[in-house]
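Okay, query10.cif now, which holds mmCIF, C-alpha atoms:
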data_final
#
loop_
_atom_site.label_atom_id
_atom_site.label_comp_id
_atom_site.auth_asym_id
_atom_site.auth_seq_id
_atom_site.Cartn_x
_atom_site.Cartn_y
_atom_site.Cartn_z
CA MET Z 1 0.00 0.00 0.00
CA GLY Z 2 1.17 3.46 -0.60
CA GLY Z 3 1.00 6.19 -3.14
CA ARG Z 4 3.01 8.95 -4.67
CA GLY Z 5 2.31 12.53 -5.52
CA ILE Z 6 3.65 15.35 -7.66
CA SER Z 7 3.48 19.08 -7.40
CA SER Z 8 4.29 21.56 -10.10
CA GLY Z 9 3.85 25.12 -11.08
CA GLY Z 10 4.48 27.31 -13.97
CA ALA Z 11 3.36 30.27 -15.88
CA ARG Z 12 3.16 34.06 -15.58
CA GLU Z 13 0.07 34.08 -14.60
CA LEU Z 14 2.20 31.24 -13.68
CA PRO Z 15 1.32 27.97 -12.26
CA GLY Z 16 3.25 26.99 -9.22
CA PRO Z 17 4.52 23.54 -8.49
CA GLN Z 18 2.39 20.52 -9.02
CA LEU Z 19 2.06 17.93 -6.35
CA THR Z 20 1.64 14.27 -6.97
CA ALA Z 21 0.94 11.76 -4.30
CA GLU Z 22 0.60 8.06 -3.76
CA ARG Z 23 -2.29 6.94 -1.76
CA ALA Z 24 -2.41 4.30 0.93
CA ALA Z 25 -5.38 2.08 0.32
CA ALA Z 26 -6.28 -1.16 -1.19
CA PRO Z 27 -4.71 -1.13 -4.30
CA GLU Z 28 -2.76 1.97 -3.55
CA GLU Z 29 -4.32 5.08 -4.96
CA PRO Z 30 -2.58 7.68 -7.07
CA SER Z 31 -3.06 11.39 -7.03
CA SER Z 32 -1.67 14.51 -8.72
CA ARG Z 33 -1.71 16.55 -11.78
CA ARG Z 34 1.19 15.82 -13.95
CA GLY Z 35 1.81 12.46 -13.54
CA ILE Z 36 2.25 9.90 -10.95
CA PRO Z 37 -0.06 8.24 -8.67
CA GLY Z 38 -1.21 10.90 -6.38
CA LEU Z 39 0.10 14.09 -7.90
CA LEU Z 40 -0.48 17.55 -6.51
CA SER Z 41 0.27 20.60 -8.53
CA VAL Z 42 0.81 23.89 -6.82
CA GLY Z 43 0.78 26.96 -8.97
CA THR Z 44 2.18 30.42 -8.59
CA ASN Z 45 1.65 33.34 -10.88
CA MET Z 46 5.13 34.56 -11.58
CA ALA Z 47 3.94 38.02 -12.38
CA ALA Z 48 1.97 38.17 -9.19
CA ALA Z 49 4.72 36.67 -7.11
CA LEU Z 50 7.30 39.08 -8.40
CA ARG Z 51 5.06 42.08 -8.23
CA ALA Z 52 3.93 41.29 -4.74
CA ALA Z 53 7.59 41.08 -3.80
CA ALA Z 54 7.97 44.57 -5.22
CA ALA Z 55 4.88 45.66 -3.28
CA LEU Z 56 3.01 45.95 -6.57
CA LEU Z 57 -0.22 44.01 -6.88
CA ARG Z 58 -1.40 42.12 -9.89
CA ASP Z 59 -3.94 39.50 -10.88
CA ARG Z 60 -3.07 35.82 -11.03
CA LEU Z 61 -4.62 32.74 -12.55
CA VAL Z 62 -5.46 29.45 -10.93
CA PRO Z 63 -6.24 26.03 -12.34
CA SER Z 64 -7.72 23.18 -10.44
CA SER Z 65 -8.65 19.57 -10.77
CA SER Z 66 -8.45 16.31 -8.92
CA ARG Z 67 -9.30 12.67 -9.15
CA VAL Z 68 -8.80 9.80 -6.79
CA GLN Z 69 -8.43 6.13 -7.46
CA GLN Z 70 -6.01 3.47 -6.61
CA GLN Z 71 -2.31 3.55 -6.06
CA TRP Z 72 -1.02 6.79 -7.51
CA ARG Z 73 -2.34 10.25 -7.83
CA CYS Z 74 -0.98 13.44 -9.24
CA GLN Z 75 -1.84 17.09 -9.09
CA SER Z 76 -0.77 20.06 -11.07
CA GLY Z 77 -1.27 23.72 -10.66
CA ALA Z 78 -1.29 26.83 -12.71
CA ALA Z 79 -1.13 30.42 -11.73
CA ALA Z 80 -4.28 32.35 -11.28
CA ALA Z 81 -5.15 35.97 -11.11
CA ALA Z 82 -5.20 37.04 -7.53
CA THR Z 83 -7.63 39.58 -6.22
CA ALA Z 84 -6.31 42.71 -4.59
CA THR Z 85 -7.38 41.31 -1.24
CA GLU Z 86 -5.57 38.00 -1.74
CA THR Z 87 -2.43 39.76 -2.90
CA ALA Z 88 -2.60 42.16 0.00
CA GLN Z 89 -2.80 39.17 2.32
CA GLN Z 90 0.30 37.74 0.69
CA VAL Z 91 2.13 41.01 1.18
CA LYS Z 92 1.01 40.99 4.80
CA SER Z 93 2.23 37.41 5.27
CA THR Z 94 5.71 38.48 4.22
CA LYS Z 95 5.57 41.70 6.20
CA PRO Z 96 8.94 41.28 7.92
CA GLN Z 97 10.64 41.43 4.52
CA VAL Z 98 8.65 44.38 3.13
CA HIS Z 99 9.80 47.95 3.62
CA PRO Z 100 7.25 50.19 5.40
CA GLU Z 101 6.96 52.52 2.43
CA LYS Z 102 6.16 49.59 0.17
CA SER Z 103 3.51 48.32 2.55
CA LYS Z 104 1.81 51.73 2.40
CA LEU Z 105 2.06 51.91 -1.39
CA ALA Z 106 0.73 48.42 -2.11
CA PRO Z 107 -3.00 49.07 -1.49
CA ILE Z 108 -2.83 52.33 -3.48
CA ILE Z 109 -1.14 50.67 -6.43
CA ALA Z 110 -3.55 47.75 -6.29
CA LYS Z 111 -6.54 50.08 -6.38
CA ARG Z 112 -5.16 51.94 -9.39
CA ARG Z 113 -4.17 48.81 -11.28
CA THR Z 114 -7.33 46.77 -10.74
CA PRO Z 115 -9.50 48.46 -13.45
CA ARG Z 116 -6.69 48.13 -15.99
CA ILE Z 117 -6.15 44.46 -15.21
CA GLN Z 118 -9.88 43.82 -15.43
CA GLU Z 119 -9.95 45.43 -18.86
CA GLN Z 120 -7.05 43.26 -20.00
CA TYR Z 121 -8.89 40.11 -18.97
CA ARG Z 122 -12.01 41.37 -20.75
CA ARG Z 123 -10.03 41.74 -23.96
CA ILE Z 124 -8.79 38.14 -23.84
CA GLY Z 125 -12.28 36.77 -23.34
CA GLY Z 126 -13.15 37.59 -19.75
CA GLY Z 127 -10.68 35.28 -18.01
CA SER Z 128 -7.56 33.20 -18.40
CA PRO Z 129 -7.53 29.74 -20.00
CA ILE Z 130 -4.63 28.63 -17.84
CA LYS Z 131 -6.74 26.44 -15.59
CA MET Z 132 -8.30 24.73 -18.58
CA TRP Z 133 -4.94 24.03 -20.19
CA THR Z 134 -3.41 22.89 -16.91
CA SER Z 135 -6.23 20.39 -16.43
CA LYS Z 136 -5.89 19.07 -19.98
CA GLN Z 137 -2.14 18.74 -19.59
CA GLY Z 138 -2.60 16.90 -16.31
CA GLU Z 139 -5.18 14.55 -17.80
CA GLY Z 140 -2.88 13.75 -20.71
CA MET Z 141 0.01 13.15 -18.35
CA VAL Z 142 -1.96 10.80 -16.14
CA LYS Z 143 -3.25 8.71 -19.04
CA LEU Z 144 0.27 8.25 -20.33
CA LEU Z 145 1.59 7.37 -16.87
CA ASP Z 146 -1.03 4.66 -16.49
CA LYS Z 147 0.34 3.03 -19.66
CA MET Z 148 4.02 3.73 -19.00
CA SER Z 149 3.92 2.53 -15.40
CA PRO Z 150 0.96 0.16 -14.96
CA HIS Z 151 2.30 -1.19 -11.66
CA THR Z 152 1.82 2.27 -10.10
CA ALA Z 153 -1.51 2.96 -11.83
CA PRO Z 154 -4.03 4.45 -11.64
CA HIS Z 155 -2.64 7.96 -11.38
CA LYS Z 156 -4.36 11.15 -10.29
CA TYR Z 157 -3.42 14.80 -10.22
CA TYR Z 158 -4.39 17.64 -7.88
CA ILE Z 159 -4.01 21.34 -8.58
CA GLY Z 160 -2.86 23.96 -6.11
CA PHE Z 161 -2.08 27.68 -6.40
CA ARG Z 162 -0.46 30.25 -4.22
CA TYR Z 163 -2.98 33.07 -4.32
CA VAL Z 164 -6.22 31.72 -5.76
CA HIS Z 165 -8.38 28.70 -5.28
CA PRO Z 166 -7.60 25.89 -5.15
CA LEU Z 167 -4.84 27.04 -2.86
CA THR Z 168 -1.78 24.93 -2.18
CA GLU Z 169 -2.94 24.43 1.39
CA GLU Z 170 -6.35 23.20 0.23
CA ALA Z 171 -4.76 20.73 -2.14
CA ILE Z 172 -2.48 19.37 0.58
CA GLU Z 173 -5.42 18.93 2.93
CA GLU Z 174 -7.29 16.98 0.26
CA MET Z 175 -4.28 14.77 -0.35
CA GLU Z 176 -3.92 14.11 3.37
CA ARG Z 177 -7.61 13.18 3.57
CA ASP Z 178 -7.14 10.78 0.66
CA GLY Z 179 -4.54 8.90 2.67
CA LEU Z 180 -1.62 9.30 0.28
CA GLU Z 181 1.77 7.95 1.23
CA ARG Z 182 3.92 9.68 -1.37
CA ALA Z 183 3.65 13.18 -2.81
CA ILE Z 184 5.67 14.84 -5.56
CA ALA Z 185 5.71 18.60 -5.88
CA PHE Z 186 6.03 19.04 -9.63
CA THR Z 187 6.69 22.63 -10.65
CA GLN Z 188 5.14 23.82 -13.86
CA TYR Z 189 7.84 26.42 -14.21
CA PRO Z 190 10.51 24.67 -16.30
CA GLN Z 191 13.09 27.17 -15.03
CA TYR Z 192 13.54 27.61 -11.28
CA SER Z 193 13.26 30.94 -9.52
CA CYS Z 194 13.04 31.61 -5.80
CA SER Z 195 10.11 33.91 -6.65
CA THR Z 196 8.05 31.20 -8.35
CA THR Z 197 8.89 27.55 -7.71
CA GLY Z 198 10.73 28.47 -4.54
CA SER Z 199 7.72 30.39 -3.27
CA SER Z 200 5.41 27.44 -3.93
CA LEU Z 201 7.71 24.95 -2.24
CA ASN Z 202 7.98 27.33 0.71
CA ALA Z 203 4.19 27.26 0.93
CA ILE Z 204 4.22 23.48 1.35
CA TYR Z 205 6.73 23.73 4.17
CA ARG Z 206 4.80 26.61 5.77
CA TYR Z 207 1.59 24.61 5.71
CA TYR Z 208 2.99 21.78 7.81
CA ASN Z 209 4.89 24.16 10.04
CA GLY Z 210 1.72 26.18 10.57
CA VAL Z 211 -0.52 23.25 11.49
CA GLY Z 212 2.18 21.92 13.78
CA LYS Z 213 2.34 18.37 12.53
CA LYS Z 214 4.47 16.28 10.24
CA PRO Z 215 3.18 15.16 6.83
CA THR Z 216 1.74 11.67 6.58
CA MET Z 217 3.03 11.60 3.00
CA LYS Z 218 6.62 11.24 1.94
CA TRP Z 219 7.41 14.33 -0.14
CA SER Z 220 9.80 14.86 -3.02
CA THR Z 221 9.91 17.49 -5.77
CA ILE Z 222 10.59 17.95 -9.46
CA ASP Z 223 11.87 21.47 -8.96
CA ARG Z 224 13.20 22.31 -12.45
CA TRP Z 225 13.45 20.86 -15.96
CA PRO Z 226 14.72 23.60 -18.32
CA THR Z 227 16.48 21.31 -20.80
CA HIS Z 228 14.25 18.23 -20.92
CA PRO Z 229 14.54 16.86 -24.50
CA LEU Z 230 10.79 16.70 -25.13
CA LEU Z 231 10.27 20.23 -23.79
CA ILE Z 232 12.96 21.45 -26.18
CA GLN Z 233 11.37 19.53 -29.06
CA CYS Z 234 7.98 21.13 -28.34
CA PHE Z 235 9.42 24.64 -28.51
CA ALA Z 236 11.39 23.84 -31.68
CA ASP Z 237 8.31 22.38 -33.40
CA HIS Z 238 6.19 25.41 -32.56
CA ILE Z 239 8.87 27.79 -33.83
CA LEU Z 240 9.21 25.92 -37.15
CA LYS Z 241 5.44 25.97 -37.58
CA GLU Z 242 5.31 29.75 -37.20
CA LEU Z 243 8.35 30.41 -39.37
CA ASP Z 244 6.43 28.80 -42.25
CA HIS Z 245 4.08 31.81 -42.18
CA PHE Z 246 6.87 34.19 -43.20
CA PRO Z 247 7.77 34.69 -46.89
CA LEU Z 248 10.32 32.09 -47.96
CA GLU Z 249 12.81 34.72 -49.11
CA LYS Z 250 12.79 36.38 -45.67
CA ARG Z 251 12.36 33.35 -43.44
CA SER Z 252 16.01 32.88 -42.51
CA GLU Z 253 16.27 36.56 -41.49
CA VAL Z 254 13.32 36.49 -39.08
CA VAL Z 255 14.52 37.56 -35.63
CA VAL Z 256 13.43 35.04 -33.00
CA LEU Z 257 12.75 36.82 -29.71
CA PHE Z 258 12.52 34.43 -26.78
CA SER Z 259 10.47 36.28 -24.19
CA ALA Z 260 10.40 35.36 -20.50
CA HIS Z 261 9.00 37.07 -17.43
CA SER Z 262 11.57 39.42 -16.00
CA LEU Z 263 12.89 39.56 -12.43
CA PRO Z 264 13.81 42.54 -10.25
CA MET Z 265 17.58 42.98 -10.28
CA SER Z 266 17.57 42.73 -6.50
CA VAL Z 267 16.46 39.10 -6.93
CA VAL Z 268 18.95 38.42 -9.72
CA ASN Z 269 21.81 39.89 -7.71
CA ARG Z 270 21.08 37.56 -4.80
CA GLY Z 271 22.06 34.72 -7.11
CA ASP Z 272 18.66 33.51 -8.35
CA PRO Z 273 19.27 30.78 -10.99
CA TYR Z 274 16.31 31.75 -13.20
CA PRO Z 275 18.17 33.84 -15.84
CA GLN Z 276 20.76 31.15 -16.50
CA GLU Z 277 18.15 28.38 -16.64
CA VAL Z 278 16.01 30.33 -19.12
CA GLY Z 279 19.17 30.89 -21.15
CA ALA Z 280 19.88 27.16 -21.08
CA THR Z 281 16.43 26.46 -22.54
CA VAL Z 282 17.01 29.00 -25.31
CA GLN Z 283 20.39 27.54 -26.25
CA ARG Z 284 19.03 24.00 -26.41
CA VAL Z 285 16.14 25.11 -28.61
CA MET Z 286 18.41 26.98 -31.01
CA ASP Z 287 20.75 24.01 -31.10
CA LYS Z 288 17.80 21.81 -32.05
CA LEU Z 289 16.97 24.30 -34.83
CA GLY Z 290 20.55 24.33 -36.07
CA TYR Z 291 20.81 28.06 -35.23
CA SER Z 292 18.72 28.73 -38.34
CA ASN Z 293 17.80 32.30 -37.36
CA PRO Z 294 19.22 35.27 -35.46
CA TYR Z 295 17.80 35.34 -31.94
CA ARG Z 296 17.80 37.13 -28.62
CA LEU Z 297 16.50 36.47 -25.11
CA VAL Z 298 14.35 39.35 -23.86
CA TRP Z 299 12.28 39.98 -20.75
CA GLN Z 300 8.69 41.12 -20.29
CA SER Z 301 6.21 42.26 -17.62
CA LYS Z 302 8.38 44.73 -15.74
CA VAL Z 303 6.42 46.76 -13.20
CA GLY Z 304 7.27 49.70 -11.00
CA PRO Z 305 10.30 51.99 -10.85
CA ILE Z 306 12.86 49.54 -9.48
CA PRO Z 307 15.45 48.05 -11.89
CA TRP Z 308 14.44 44.78 -13.61
CA LEU Z 309 16.32 42.34 -15.79
CA GLY Z 310 16.48 43.48 -19.42
CA PRO Z 311 16.37 44.11 -22.30
CA ARG Z 312 12.62 44.54 -22.24
CA THR Z 313 10.62 42.73 -24.90
CA ASP Z 314 8.80 45.85 -26.09
CA GLU Z 315 11.99 47.89 -26.28
CA ALA Z 316 13.71 45.10 -28.22
CA ILE Z 317 10.89 45.03 -30.79
CA LYS Z 318 11.13 48.79 -31.21
CA GLY Z 319 14.92 48.71 -31.41
CA PHE Z 320 15.04 46.00 -34.07
CA CYS Z 321 12.44 47.81 -36.18
CA GLU Z 322 14.49 51.01 -36.02
CA ARG Z 323 17.44 48.99 -37.31
CA GLY Z 324 15.52 47.52 -40.21
CA ARG Z 325 14.78 44.10 -38.72
CA LYS Z 326 11.02 44.15 -39.17
CA ASN Z 327 10.18 40.43 -39.31
CA ILE Z 328 9.92 39.09 -35.78
CA LEU Z 329 8.81 35.85 -34.13
CA LEU Z 330 7.94 36.00 -30.42
CA VAL Z 331 8.46 32.81 -28.41
CA PRO Z 332 7.12 32.58 -24.82
CA ILE Z 333 9.98 30.41 -23.58
CA ALA Z 334 9.15 30.24 -19.87
CA PHE Z 335 5.38 29.71 -20.08
CA THR Z 336 3.77 26.29 -20.48
CA SER Z 337 0.28 27.53 -21.38
CA ASP Z 338 -1.54 30.66 -22.48
CA HIS Z 339 -2.52 33.32 -19.97
CA ILE Z 340 -2.72 37.10 -19.77
CA GLU Z 341 0.97 37.62 -20.47
CA THR Z 342 0.81 35.76 -23.78
CA LEU Z 343 -2.75 36.57 -24.87
CA PHE Z 344 -2.69 40.24 -23.91
CA GLU Z 345 0.88 41.38 -23.44
CA LEU Z 346 2.47 39.52 -26.38
CA ASP Z 347 -0.53 39.20 -28.71
CA ILE Z 348 -2.19 42.59 -28.22
CA GLU Z 349 0.20 45.07 -26.59
CA TYR Z 350 3.24 44.03 -28.60
CA SER Z 351 2.05 42.25 -31.76
CA GLN Z 352 -0.76 44.72 -32.50
CA VAL Z 353 -0.43 48.09 -30.77
CA LEU Z 354 3.37 48.36 -30.60
CA ALA Z 355 3.93 46.65 -33.96
CA ASN Z 356 1.69 49.18 -35.71
CA LYS Z 357 3.54 52.09 -34.10
CA CYS Z 358 6.94 50.68 -35.01
CA GLY Z 359 6.10 49.78 -38.60
CA VAL Z 360 6.70 46.05 -38.19
CA GLU Z 361 6.51 44.20 -41.49
CA LYS Z 362 5.39 40.89 -39.98
CA ILE Z 363 5.26 39.71 -36.40
CA ARG Z 364 3.94 36.39 -35.12
CA ARG Z 365 3.91 34.55 -31.82
CA ALA Z 366 4.76 30.87 -31.44
CA GLU Z 367 1.89 28.88 -30.00
CA SER Z 368 2.13 28.06 -26.31
CA LEU Z 369 2.54 24.40 -25.32
CA ASN Z 370 -1.11 24.18 -24.25
CA GLY Z 371 -2.63 20.92 -25.53
CA ASN Z 372 0.39 19.60 -27.43
CA PRO Z 373 0.37 15.81 -26.84
CA LEU Z 374 4.17 15.79 -26.90
CA PHE Z 375 4.17 18.16 -23.93
CA SER Z 376 1.96 15.80 -21.92
CA LYS Z 377 4.44 13.08 -22.83
CA ALA Z 378 7.26 15.27 -21.51
CA LEU Z 379 5.42 15.70 -18.20
CA ALA Z 380 4.78 11.97 -17.89
CA ASP Z 381 8.41 11.20 -18.66
CA LEU Z 382 9.59 13.67 -16.03
CA VAL Z 383 7.39 12.07 -13.38
CA LEU Z 384 8.32 8.51 -14.29
CA THR Z 385 12.02 9.32 -14.34
CA HIS Z 386 11.69 11.03 -10.98
CA ILE Z 387 9.97 8.02 -9.43
CA GLN Z 388 12.58 5.64 -10.78
CA SER Z 389 15.47 7.84 -9.61
CA ASN Z 390 14.33 7.72 -5.97
CA GLU Z 391 15.71 11.27 -5.56
CA ARG Z 392 14.09 13.77 -3.23
CA CYS Z 393 14.99 16.86 -5.30
CA SER Z 394 17.61 18.18 -7.70
CA ARG Z 395 21.14 18.92 -6.50
CA GLN Z 396 20.53 22.55 -7.39
CA LEU Z 397 17.67 22.86 -4.91
CA MET Z 398 20.04 21.93 -2.09
CA LEU Z 399 22.22 24.95 -2.93
CA SER Z 400 20.91 28.24 -1.54
CA CYS Z 401 21.49 31.49 -3.38
CA PRO Z 402 24.81 32.96 -2.21
CA LEU Z 403 23.09 36.09 -0.85
CA CYS Z 404 19.83 34.45 0.26
CA ALA Z 405 18.21 36.32 3.13
CA ASN Z 406 15.09 34.20 3.56
CA PRO Z 407 15.34 31.67 6.41
CA VAL Z 408 12.16 29.93 5.23
CA CYS Z 409 13.96 29.00 2.02
CA ARG Z 410 16.59 27.08 3.94
CA GLU Z 411 13.95 25.39 6.08
CA MET Z 412 12.05 24.36 2.94
CA LYS Z 413 15.18 22.77 1.49
CA SER Z 414 15.64 20.81 4.69
CA PHE Z 415 11.98 19.73 4.55
CA PHE Z 416 12.42 18.20 1.08
CA THR Z 417 15.90 16.75 1.57
CA ASN Z 418 15.26 15.21 4.98
#

Translate this structure into structure tokens?
Amino acid sequence: MGGRGISSGGARELPGPQLTAERAAAPEEPSSRRGIPGLLSVGTNMAAALRAAAALLRDRLVPSSSRVQQQWRCQSGAAAAATATETAQQVKSTKPQVHPEKSKLAPIIAKRRTPRIQEQYRRIGGGSPIKMWTSKQGEGMVKLLDKMSPHTAPHKYYIGFRYVHPLTEEAIEEMERDGLERAIAFTQYPQYSCSTTGSSLNAIYRYYNGVGKKPTMKWSTIDRWPTHPLLIQCFADHILKELDHFPLEKRSEVVVLFSAHSLPMSVVNRGDPYPQEVGATVQRVMDKLGYSNPYRLVWQSKVGPIPWLGPRTDEAIKGFCERGRKNILLVPIAFTSDHIETLFELDIEYSQVLANKCGVEKIRRAESLNGNPLFSKALADLVLTHIQSNERCSRQLMLSCPLCANPVCREMKSFFTN
């Protein structure tokens, strides 16, 4: 008897980690989103996480789903738009690390930003599809896992998010009620950042620390996967598909702009591994494409006056147009499904409004991974490999940032490694 679980997160409305769990019961039950018996997925909206850290509030997206059966279960999560109240609560929960002036500014900024964010969601259809895509990805992962690892089947996934329902804490409580023995926190952010995956893993530790009892499940985590071969193949396939829409005579000169959510430089300078892991994904994709086109890695979604990692995506588009490079392909390289930062920021703000101002000749955006069956296969392979490895986490997770100032981060690492 026994079960396993997975937790993962990703996206910008980003999903956080997903959790998968194995369930103790006659034939052990599985649970979790992206794969493995008993999987739980916890999601964090990267934009929201980062902006909350900067005392700037922003909406987030949340996906949810669950299913219980025999030995294994899995859960996955996606980021959801957080309400001003929820974000304010998050800021309050991290009060010791927030400067007084930022605490005073946060409610004001939230009030001013809310109407604009609501309008953005209206323009992409009234809400984010991230929960829908997360659920479909989890379902595809679980079906494949049942075939790939029948001795651990059936598998189930749970979804958990940091700032919207279903919350990480709610997902964990459900997994505990289901009697799971093994849980896997499977992040849906391929590239690790302390502000996204780290935040979601911290939430798991905080939950148990807050209730004052040890988990009944044995936890492990898939905390990063920036260069997984099937992930790289998915990105390469989507890029090739979009390049076919450019005139043949100009196709090789199309500038490929890999766009990822930016980070405040204060986070980068602490030693956060996110920039280098995003860069690793880009290099593997271009290697798969045979370096067929000129390319750059750019950063989007900067908010507030503090310095953020650059160059900014919008400024790069403008700069290339001024230099005569007017055929551009945008690739959301750190998002695993569509959400406000692809559907509004990339598709409307940049590809329509900005492109018209700059005189772009042709600009397209590579499709997000969404319902690509190969992506579900990548998720299933990650979970299966993790189970077979018997590892608790990656070696990288055990290494704190050289200038880390968050004691909870170190306690979280101990929670997963011990």

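Proximity ranking of Z:Leu354, Z:Leu369, Z:Val383, Z:Val267 relative to Leu403 in chain Z places Z:Val267 first, based on only C-alpha atoms.
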
Calculate how many Å separate CA of Lys362 in chain Z from CA of Tyr291 in chain Z, rounding to one decimal. 20.6 Å

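Remark: for Asp146 in chain Z, the closest of the candidate residues Z:Glu253, Z:Asp287, Z:Glu277, Z:Asp381 is Z:Asp381 (distances computed over all atoms listed in the file).
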
Hits from the PyMOL selection byres ((chain Z and resi 215-225) around 7), listed as an MDAnalysis selection string: chainID Z and resid 6:7 176 180:187 189:192 197 208 213:214 226:228 392:394 416

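Residue nearest Ala236 in chain Z within the list Z:Ala366, Z:Met265, Z:Ala171, Z:Leu399: Z:Ala366 [criterion: smallest interatomic distance, only C-alpha atoms].
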